[in-house]
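The file input-v8.cif comes next; it holds mmCIF, C-alpha atoms.
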```
data_coords
#
loop_
_atom_site.label_atom_id
_atom_site.label_comp_id
_atom_site.auth_asym_id
_atom_site.auth_seq_id
_atom_site.Cartn_x
_atom_site.Cartn_y
_atom_site.Cartn_z
CA MET D 653 -12.34 30.51 -19.29
CA SER D 654 -9.35 31.02 -16.97
CA LEU D 655 -11.45 33.46 -14.94
CA VAL D 656 -14.07 30.75 -14.38
CA ALA D 657 -11.38 28.24 -13.34
CA ARG D 658 -10.06 30.79 -10.83
CA HIS D 659 -13.57 31.27 -9.39
CA LEU D 660 -13.95 27.51 -8.87
CA GLU D 661 -10.54 27.26 -7.19
CA ALA D 662 -11.46 30.13 -4.87
CA ASN D 663 -14.58 28.19 -3.92
CA GLY D 664 -13.04 24.80 -3.15
CA VAL D 665 -13.16 23.03 -6.54
CA SER D 666 -9.83 21.82 -7.99
CA THR D 667 -9.27 22.63 -11.66
CA VAL D 668 -6.94 22.08 -14.60
CA VAL D 669 -6.91 24.23 -17.75
CA MET D 670 -5.90 22.51 -21.00
CA GLY D 671 -4.93 24.94 -23.73
CA SER D 672 -2.59 26.15 -26.45
CA ALA D 673 -2.59 29.91 -25.79
CA ARG D 674 0.13 29.84 -23.18
CA ASP D 675 0.57 33.57 -22.69
CA ILE D 676 -3.13 34.29 -22.25
CA VAL D 677 -3.64 31.56 -19.62
CA GLU D 678 -0.45 32.31 -17.71
CA GLU D 679 -1.07 36.08 -17.67
CA CYS D 680 -4.49 35.45 -16.17
CA GLY D 681 -2.99 33.00 -13.68
CA VAL D 682 -4.52 29.58 -13.04
CA ALA D 683 -3.89 26.81 -10.55
CA ARG D 684 -2.85 24.10 -13.03
CA PHE D 685 -2.23 24.31 -16.78
CA VAL D 686 -1.55 21.60 -19.38
CA PHE D 687 0.01 23.34 -22.37
CA THR D 688 0.09 21.69 -25.79
CA ASP D 689 2.01 23.70 -28.39
CA PHE D 690 -0.51 23.29 -31.20
CA PRO D 691 -2.40 25.76 -33.37
CA LEU D 692 -5.50 26.94 -31.51
CA GLY D 693 -8.42 24.52 -31.83
CA ASN D 694 -7.24 21.14 -30.50
CA PRO D 695 -5.95 21.62 -26.95
CA CYS D 696 -6.92 18.04 -26.02
CA GLY D 697 -5.12 16.29 -28.89
CA LYS D 698 -5.20 16.03 -32.66
CA PRO D 699 -8.59 15.17 -34.20
CA TRP D 700 -9.21 11.40 -34.28
CA ASP D 701 -5.91 10.63 -32.51
CA GLN D 702 -7.33 8.83 -29.51
CA GLU D 703 -3.98 7.74 -28.16
CA MET D 704 -2.74 11.34 -28.00
CA GLN D 705 -6.04 12.48 -26.47
CA ARG D 706 -5.70 9.78 -23.78
CA SER D 707 -2.19 10.94 -23.03
CA ILE D 708 -3.24 14.60 -22.67
CA ILE D 709 -6.21 13.91 -20.39
CA GLY D 710 -3.96 11.55 -18.43
CA SER D 711 -1.49 14.41 -17.94
CA ALA D 712 -4.32 16.68 -16.81
CA LEU D 713 -5.58 14.16 -14.23
CA ASN D 714 -2.04 13.49 -13.04
CA LEU D 715 -1.48 17.22 -12.57
CA LEU D 716 -4.79 17.53 -10.72
CA ASP D 717 -3.57 14.93 -8.28
CA ARG D 718 0.05 15.99 -7.88
CA ALA D 719 0.35 19.78 -8.16
CA TRP D 720 1.09 21.30 -4.77
CA MET D 721 1.07 24.98 -5.68
CA PRO D 722 -0.71 27.33 -8.12
CA ARG D 723 0.66 28.35 -11.53
CA THR D 724 1.91 24.83 -12.15
CA THR D 725 2.30 24.46 -15.94
CA ILE D 726 3.30 21.27 -17.70
CA GLN D 727 3.91 20.99 -21.44
CA THR D 728 2.88 17.84 -23.30
CA PRO D 729 5.50 16.26 -25.60
CA PHE D 730 3.49 16.60 -28.81
CA HIS D 731 4.37 18.57 -31.96
CA TRP D 732 2.27 19.62 -34.94
CA GLU D 733 3.35 18.23 -38.33
CA ASN D 734 4.98 21.52 -39.29
CA ASP D 735 5.56 25.04 -37.96
CA THR D 736 3.98 27.05 -40.79
CA TRP D 737 0.92 27.86 -38.65
CA ARG D 738 3.05 29.81 -36.17
CA ASP D 739 3.71 32.69 -38.56
CA ALA D 740 0.59 32.33 -40.65
CA PHE D 741 -2.01 32.83 -37.93
CA MET D 742 -3.26 36.45 -37.80
CA ARG D 743 -0.26 37.48 -39.86
CA VAL D 744 0.06 41.14 -40.82
CA ASP D 745 2.36 42.00 -43.71
CA ASP D 746 2.48 44.19 -46.80
CA GLY D 747 0.40 41.65 -48.68
CA ASN D 748 -2.69 42.03 -46.49
CA ARG D 749 -2.27 45.36 -44.69
CA GLU D 750 -4.64 47.27 -46.96
CA ALA D 751 -7.21 44.48 -46.96
CA LEU D 752 -7.17 44.36 -43.15
CA ALA D 753 -7.63 48.13 -42.91
CA ARG D 754 -10.62 47.92 -45.28
CA ALA D 755 -12.09 44.98 -43.35
CA GLY D 756 -11.84 46.98 -40.12
CA GLU D 757 -13.56 49.99 -41.68
CA GLU D 758 -16.33 47.78 -43.05
CA ARG D 759 -16.85 46.13 -39.69
CA ARG D 760 -17.12 49.47 -37.88
CA ARG D 761 -19.57 50.71 -40.52
CA ARG D 762 -21.80 47.65 -39.98
CA GLN D 763 -21.61 48.00 -36.20
CA ALA D 764 -22.57 51.67 -36.45
CA GLU D 765 -25.57 50.71 -38.58
CA VAL D 766 -26.71 48.17 -35.99
CA LYS D 767 -26.31 50.79 -33.22
CA THR D 768 -28.37 53.40 -35.00
CA GLY D 769 -30.95 50.81 -36.05
CA ARG D 770 -30.61 51.47 -39.77
CA MET M 358 13.89 20.46 -32.84
CA ASP M 359 16.86 21.29 -30.62
CA GLY M 360 18.77 24.46 -31.47
CA LEU M 361 19.40 28.09 -30.66
CA ARG M 362 16.72 30.70 -31.27
CA PRO M 363 16.66 34.48 -30.79
CA TYR M 364 12.89 34.32 -30.05
CA ARG M 365 10.48 32.34 -27.89
CA SER M 366 9.04 29.26 -29.59
CA PHE M 367 5.39 29.44 -28.62
CA VAL M 368 3.10 31.99 -30.24
CA SER M 369 2.14 35.02 -28.15
CA TYR M 370 -1.53 35.48 -28.90
CA ILE M 371 -1.59 38.67 -26.87
CA ASP M 372 1.02 40.23 -29.18
CA ARG M 373 -0.37 38.67 -32.35
CA SER M 374 -3.98 39.72 -31.80
CA ARG M 375 -3.00 43.25 -30.75
CA GLU M 376 -1.06 43.76 -33.98
CA TYR M 377 -3.79 42.14 -36.08
CA TYR M 378 -6.56 44.35 -34.73
CA ALA M 379 -4.34 47.44 -34.84
CA ALA M 380 -3.92 46.74 -38.57
CA GLN M 381 -7.73 46.81 -38.80
CA GLY M 382 -7.76 50.28 -37.28
CA TYR M 383 -8.55 49.38 -33.66
CA SER M 384 -6.10 51.64 -31.88
CA LYS M 385 -7.09 50.71 -28.32
CA PRO M 386 -5.77 47.19 -27.67
CA TYR M 387 -7.78 44.61 -25.77
CA ALA M 388 -6.74 44.48 -22.13
CA TRP M 389 -6.20 40.87 -21.09
CA ALA M 390 -6.82 39.68 -17.55
CA HIS M 391 -3.73 39.65 -15.36
CA HIS M 392 -3.52 38.54 -11.73
CA ASP M 393 -0.61 38.43 -9.33
CA ASP M 394 -2.37 36.05 -6.95
CA VAL M 395 -3.80 32.69 -7.97
CA PRO M 396 -6.31 30.72 -5.86
CA PHE M 397 -5.49 27.05 -5.32
CA THR M 398 -7.51 24.15 -3.95
CA PRO M 399 -5.59 20.88 -3.45
CA LEU M 400 -7.53 17.79 -4.42
CA GLN M 401 -9.54 16.83 -1.34
CA LYS M 402 -9.62 13.06 -1.87
CA PRO M 403 -7.93 10.37 -3.96
CA LEU M 404 -8.47 10.85 -7.68
CA SER M 405 -10.07 7.40 -7.89
CA GLY M 406 -12.88 8.69 -5.66
CA CYS M 407 -13.42 12.03 -7.42
CA ARG M 408 -16.25 13.05 -9.70
CA VAL M 409 -14.78 15.12 -12.53
CA GLY M 410 -16.49 17.49 -14.98
CA LEU M 411 -15.57 19.29 -18.18
CA VAL M 412 -15.94 22.92 -19.28
CA THR M 413 -15.51 24.05 -22.90
CA THR M 414 -15.48 27.40 -24.67
CA ALA M 415 -17.45 25.88 -27.56
CA GLY M 416 -21.14 26.64 -27.93
CA ARG M 417 -24.20 24.50 -28.50
CA THR M 418 -24.99 23.95 -32.15
CA PRO M 419 -27.59 26.61 -32.95
CA ALA M 420 -30.87 25.80 -34.61
CA GLU M 421 -30.84 26.10 -38.38
CA GLY M 422 -31.32 29.65 -39.58
CA LEU M 423 -30.03 31.31 -36.43
CA ILE M 424 -26.40 31.54 -37.54
CA GLY M 425 -25.71 35.06 -38.75
CA ALA M 426 -29.20 36.20 -37.83
CA GLY M 427 -28.27 37.62 -34.44
CA GLY M 428 -30.06 34.77 -32.68
CA LEU M 429 -27.02 33.04 -31.21
CA LYS M 430 -27.18 32.61 -27.44
CA ARG M 431 -23.67 32.82 -26.04
CA GLY M 432 -24.23 32.47 -22.30
CA PRO M 433 -23.13 29.56 -20.09
CA TYR M 434 -24.96 26.27 -20.55
CA ALA M 435 -25.05 22.69 -19.22
CA GLU M 436 -25.77 19.66 -21.40
CA PRO M 437 -25.91 15.88 -20.80
CA ALA M 438 -22.54 14.18 -21.27
CA ASN M 439 -24.24 10.94 -22.24
CA PRO M 440 -24.87 10.47 -25.07
CA PRO M 441 -21.80 12.58 -25.86
CA PRO M 442 -22.24 15.43 -28.35
CA LYS M 443 -21.23 14.57 -31.89
CA SER M 444 -20.44 18.21 -32.67
CA LEU M 445 -20.36 21.63 -31.02
CA PHE M 446 -20.45 25.14 -32.47
CA THR M 447 -17.01 26.71 -32.80
CA ASP M 448 -17.33 28.86 -35.94
CA ASP M 449 -17.57 32.11 -33.99
CA LEU M 450 -14.53 31.45 -31.79
CA PHE M 451 -10.90 32.53 -32.07
CA TRP M 452 -8.95 29.47 -33.31
CA ASP M 453 -6.79 28.52 -36.29
CA LYS M 454 -9.32 27.58 -38.95
CA LYS M 455 -6.65 27.26 -41.63
CA ALA M 456 -4.36 24.85 -39.75
CA THR M 457 -6.91 22.49 -38.25
CA HIS M 458 -10.60 21.67 -37.67
CA THR M 459 -12.93 20.86 -34.79
CA ASP M 460 -14.85 17.95 -36.32
CA ASP M 461 -13.71 15.62 -33.53
CA VAL M 462 -15.26 16.89 -30.28
CA ASP M 463 -12.67 15.01 -28.20
CA SER M 464 -9.92 17.17 -29.68
CA PHE M 465 -11.27 20.11 -27.66
CA LEU M 466 -13.81 18.60 -25.20
CA PRO M 467 -12.58 15.15 -24.11
CA VAL M 468 -15.99 13.81 -23.17
CA ASN M 469 -15.37 10.26 -24.45
CA ARG M 470 -11.82 10.22 -23.10
CA LEU M 471 -13.06 11.26 -19.62
CA ALA M 472 -15.71 8.51 -19.69
CA GLU M 473 -12.92 6.02 -20.42
CA GLN M 474 -11.02 7.27 -17.36
CA ALA M 475 -14.12 6.67 -15.24
CA ASN M 476 -14.69 3.20 -16.73
CA GLY M 477 -11.05 2.32 -16.10
CA GLY M 478 -11.22 3.43 -12.45
CA CYS M 479 -8.69 6.27 -12.70
CA ILE M 480 -11.39 8.68 -11.50
CA GLY M 481 -14.48 7.87 -9.45
CA SER M 482 -16.97 9.08 -12.06
CA ALA M 483 -17.51 11.61 -14.81
CA SER M 484 -20.08 14.35 -14.37
CA PRO M 485 -23.45 13.54 -15.95
CA ARG M 486 -23.28 16.96 -17.62
CA PHE M 487 -20.64 19.04 -19.31
CA TYR M 488 -20.67 22.83 -19.19
CA GLY M 489 -20.05 25.55 -21.73
CA VAL M 490 -18.70 29.07 -21.36
CA PRO M 491 -18.51 30.49 -24.89
CA THR M 492 -15.74 33.06 -24.92
CA ASP M 493 -17.01 36.48 -23.87
CA TYR M 494 -14.70 39.46 -24.27
CA SER M 495 -16.41 41.09 -21.29
CA GLN M 496 -14.41 39.97 -18.26
CA SER M 497 -17.10 41.25 -15.89
CA ARG M 498 -19.77 39.13 -17.60
CA THR M 499 -17.49 36.10 -17.32
CA SER M 500 -16.55 36.70 -13.68
CA GLN M 501 -19.91 37.85 -12.39
CA GLY M 502 -22.26 35.90 -14.67
CA ALA M 503 -20.74 32.74 -16.08
CA ALA M 504 -18.38 31.82 -13.22
CA PRO M 505 -21.00 31.66 -10.41
CA LYS M 506 -23.36 29.76 -12.73
CA ILE M 507 -20.72 27.11 -13.54
CA LEU M 508 -19.92 26.78 -9.81
CA GLU M 509 -23.62 26.30 -9.07
CA TRP M 510 -23.89 23.52 -11.68
CA CYS M 511 -20.69 21.86 -10.40
CA ARG M 512 -22.16 21.78 -6.90
CA GLU M 513 -25.49 20.42 -8.16
CA ASP M 514 -23.60 17.60 -9.89
CA GLY M 515 -21.37 16.90 -6.86
CA LEU M 516 -18.07 17.59 -8.62
CA ASP M 517 -14.69 17.43 -6.90
CA ALA M 518 -12.67 18.65 -9.85
CA VAL M 519 -13.11 20.23 -13.28
CA LEU M 520 -11.04 20.10 -16.47
CA PHE M 521 -11.28 23.25 -18.61
CA SER M 522 -10.38 23.24 -22.27
CA ALA M 523 -10.06 26.52 -24.12
CA LEU M 524 -10.17 26.39 -27.92
#
```
Let's see the structure in the file written out as structure tokens.
Amino acid sequence: MSLVARHLEANGVSTVVMGSARDIVEECGVARFVFTDFPLGNPCGKPWDQEMQRSIIGSALNLLDRAWMPRTTIQTPFHWENDTWRDAFMRVDDGNREALARAGEERRRRQAEVKTGR
Amino acid sequence: MDGLRPYRSFVSYIDRSREYYAAQGYSKPYAWAHHDDVPFTPLQKPLSGCRVGLVTTAGRTPAEGLIGAGGLKRGPYAEPANPPPKSLFTDDLFWDKKATHTDDVDSFLPVNRLAEQANGGCIGSASPRFYGVPTDYSQSRTSQGAAPKILEWCREDGLDAVLFSAL
């Protein structure tokens, strides 16, 4: 996604990226970025919260108009109801380590089957 | 909440996904795109005169029976923005399915919210189409395949600016 935005910028089209994976977007490097610190899935506002969605797209359009240099990031003022998602997402701990290892082995086995056409 | 913390507040998905896949036995971590230089195009005219488009990482809803049958097409696509889509396919993407949902398209592709901005005169007009780039872990396919295609569609639709939203 960020790679596509960069291609448009390099070809004369102004862009803004709206997202919640701050490190991924900023490592890639984009012209303008509206960061909302939410769990991945709703970078443009909470579901059914039209007022928040209006605010976020308003921030994106404002940034489009006013940024004067690349890598301009702004953070919206919104917070999720709680912070439990921060540690829970893709968590690895003693409770799931064995299950994850088995899941990985199973996935590789299935991929190998597809490759060999079995 | 204000306070002192010995760690950064936002989640590092680069760190988190590397550790998660390492735990699944993938010893070679995914190499994320990194650039020192960033291209930049200032807006060429007042926002109120610009035509603006949207790009999402979500996919088109596949026909019944294709999910899980290897029939999903994951390349770039363009679809009419009016009538706006009631749903898009996100099941195969990397997002937090325990914490939230994607039942409201405007929470990840603000197609109705952008139309409001056009109706209110903040922007000149919204693109008649929106565009999709379902996440592809091949950076060369994204850069050499999807990116030129999206640019071509933006030019066909006369766009001045594009808002990207990554799930």
**Request:** Kindly indicate which residue among D:Leu660, D:Leu716, D:Asp701, D:Gly756 lies nearest to Arg684 (chain D), using all atoms listed in the file for the distances.
**Result:**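 Residue with the minimum atom-to-atom distance to Arg684 (chain D): D:Leu716.
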**Asked** On this structure, which residues satisfy the PyMOL selection byres ((chain M and resi 474) around 12), written as a VMD selection string?
**Response** (chain D and resid 705 to 714) or (chain M and resid 404 to 410 467 to 473 475 to 484)
**Item:** Point-to-point distance from CA of Glu376 (chain M) to CA of Gln496 (chain M), Å rounded to tenths
**Value:**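 A separation of 21.0 Å between them.
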**Asked** What's the 8 Å shell around Asp514 (chain M), counting only C-alpha atoms, without same-chain residues fewer than 3 positions away, as a PyMOL selection string?
**Response** chain M and resi 484-486+510-511
Please return, as a compact mmCIF listing (two decimals) with C-alpha atoms, in the frame of the given file, all residues of chain D lying within 7 Å of chain M when only C-alpha atoms are considered.
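Okay, out-v4.txt is ready:
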```txt
# COMPACT_ATOMS: atom_id res chain seq x y z
CA MET D 653 -12.34 30.51 -19.29
CA LEU D 655 -11.45 33.46 -14.94
CA VAL D 656 -14.07 30.75 -14.38
CA ARG D 658 -10.06 30.79 -10.83
CA HIS D 659 -13.57 31.27 -9.39
CA LEU D 660 -13.95 27.51 -8.87
CA GLU D 661 -10.54 27.26 -7.19
CA ALA D 662 -11.46 30.13 -4.87
CA GLY D 664 -13.04 24.80 -3.15
CA VAL D 665 -13.16 23.03 -6.54
CA SER D 666 -9.83 21.82 -7.99
CA THR D 667 -9.27 22.63 -11.66
CA VAL D 668 -6.94 22.08 -14.60
CA VAL D 669 -6.91 24.23 -17.75
CA MET D 670 -5.90 22.51 -21.00
CA GLY D 671 -4.93 24.94 -23.73
CA ALA D 673 -2.59 29.91 -25.79
CA ASP D 675 0.57 33.57 -22.69
CA ILE D 676 -3.13 34.29 -22.25
CA GLU D 679 -1.07 36.08 -17.67
CA CYS D 680 -4.49 35.45 -16.17
CA GLY D 681 -2.99 33.00 -13.68
CA VAL D 682 -4.52 29.58 -13.04
CA ALA D 683 -3.89 26.81 -10.55
CA ASP D 689 2.01 23.70 -28.39
CA PRO D 691 -2.40 25.76 -33.37
CA LEU D 692 -5.50 26.94 -31.51
CA GLY D 693 -8.42 24.52 -31.83
CA ASN D 694 -7.24 21.14 -30.50
CA PRO D 695 -5.95 21.62 -26.95
CA CYS D 696 -6.92 18.04 -26.02
CA GLY D 697 -5.12 16.29 -28.89
CA LYS D 698 -5.20 16.03 -32.66
CA PRO D 699 -8.59 15.17 -34.20
CA TRP D 700 -9.21 11.40 -34.28
CA GLN D 705 -6.04 12.48 -26.47
CA ARG D 706 -5.70 9.78 -23.78
CA LEU D 716 -4.79 17.53 -10.72
CA ASP D 717 -3.57 14.93 -8.28
CA TRP D 720 1.09 21.30 -4.77
CA MET D 721 1.07 24.98 -5.68
CA PRO D 722 -0.71 27.33 -8.12
CA TRP D 737 0.92 27.86 -38.65
CA ARG D 738 3.05 29.81 -36.17
CA PHE D 741 -2.01 32.83 -37.93
CA MET D 742 -3.26 36.45 -37.80
CA ARG D 743 -0.26 37.48 -39.86
CA VAL D 744 0.06 41.14 -40.82
CA ARG D 749 -2.27 45.36 -44.69
CA LEU D 752 -7.17 44.36 -43.15
CA ALA D 753 -7.63 48.13 -42.91
CA ALA D 755 -12.09 44.98 -43.35
CA GLY D 756 -11.84 46.98 -40.12
```
Taking all listed atoms of region 675-694 of chain D, build the axis-aligned box, pad each of the six sides by 8 Å, then write its centre and edge lengths in Å to one decimal as lines of an AutoDock Vina configuration file.
```
center_x = -3.2
center_y = 28.6
center_z = -22.0
size_x = 26.4
size_y = 30.9
size_z = 38.8
```
**Message:** Between CA of Gln702 (chain D) and CA of Tyr488 (chain M), what distance in Å does the model show, to one decimal?
**Reply:**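 Here the two named atoms are 21.9 Å from each other.
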**Fill in**
Separating CA of Tyr434 (chain M) from CA of Phe446 (chain M), to the nearest tenth of an Å, is a gap of 12.8 Å
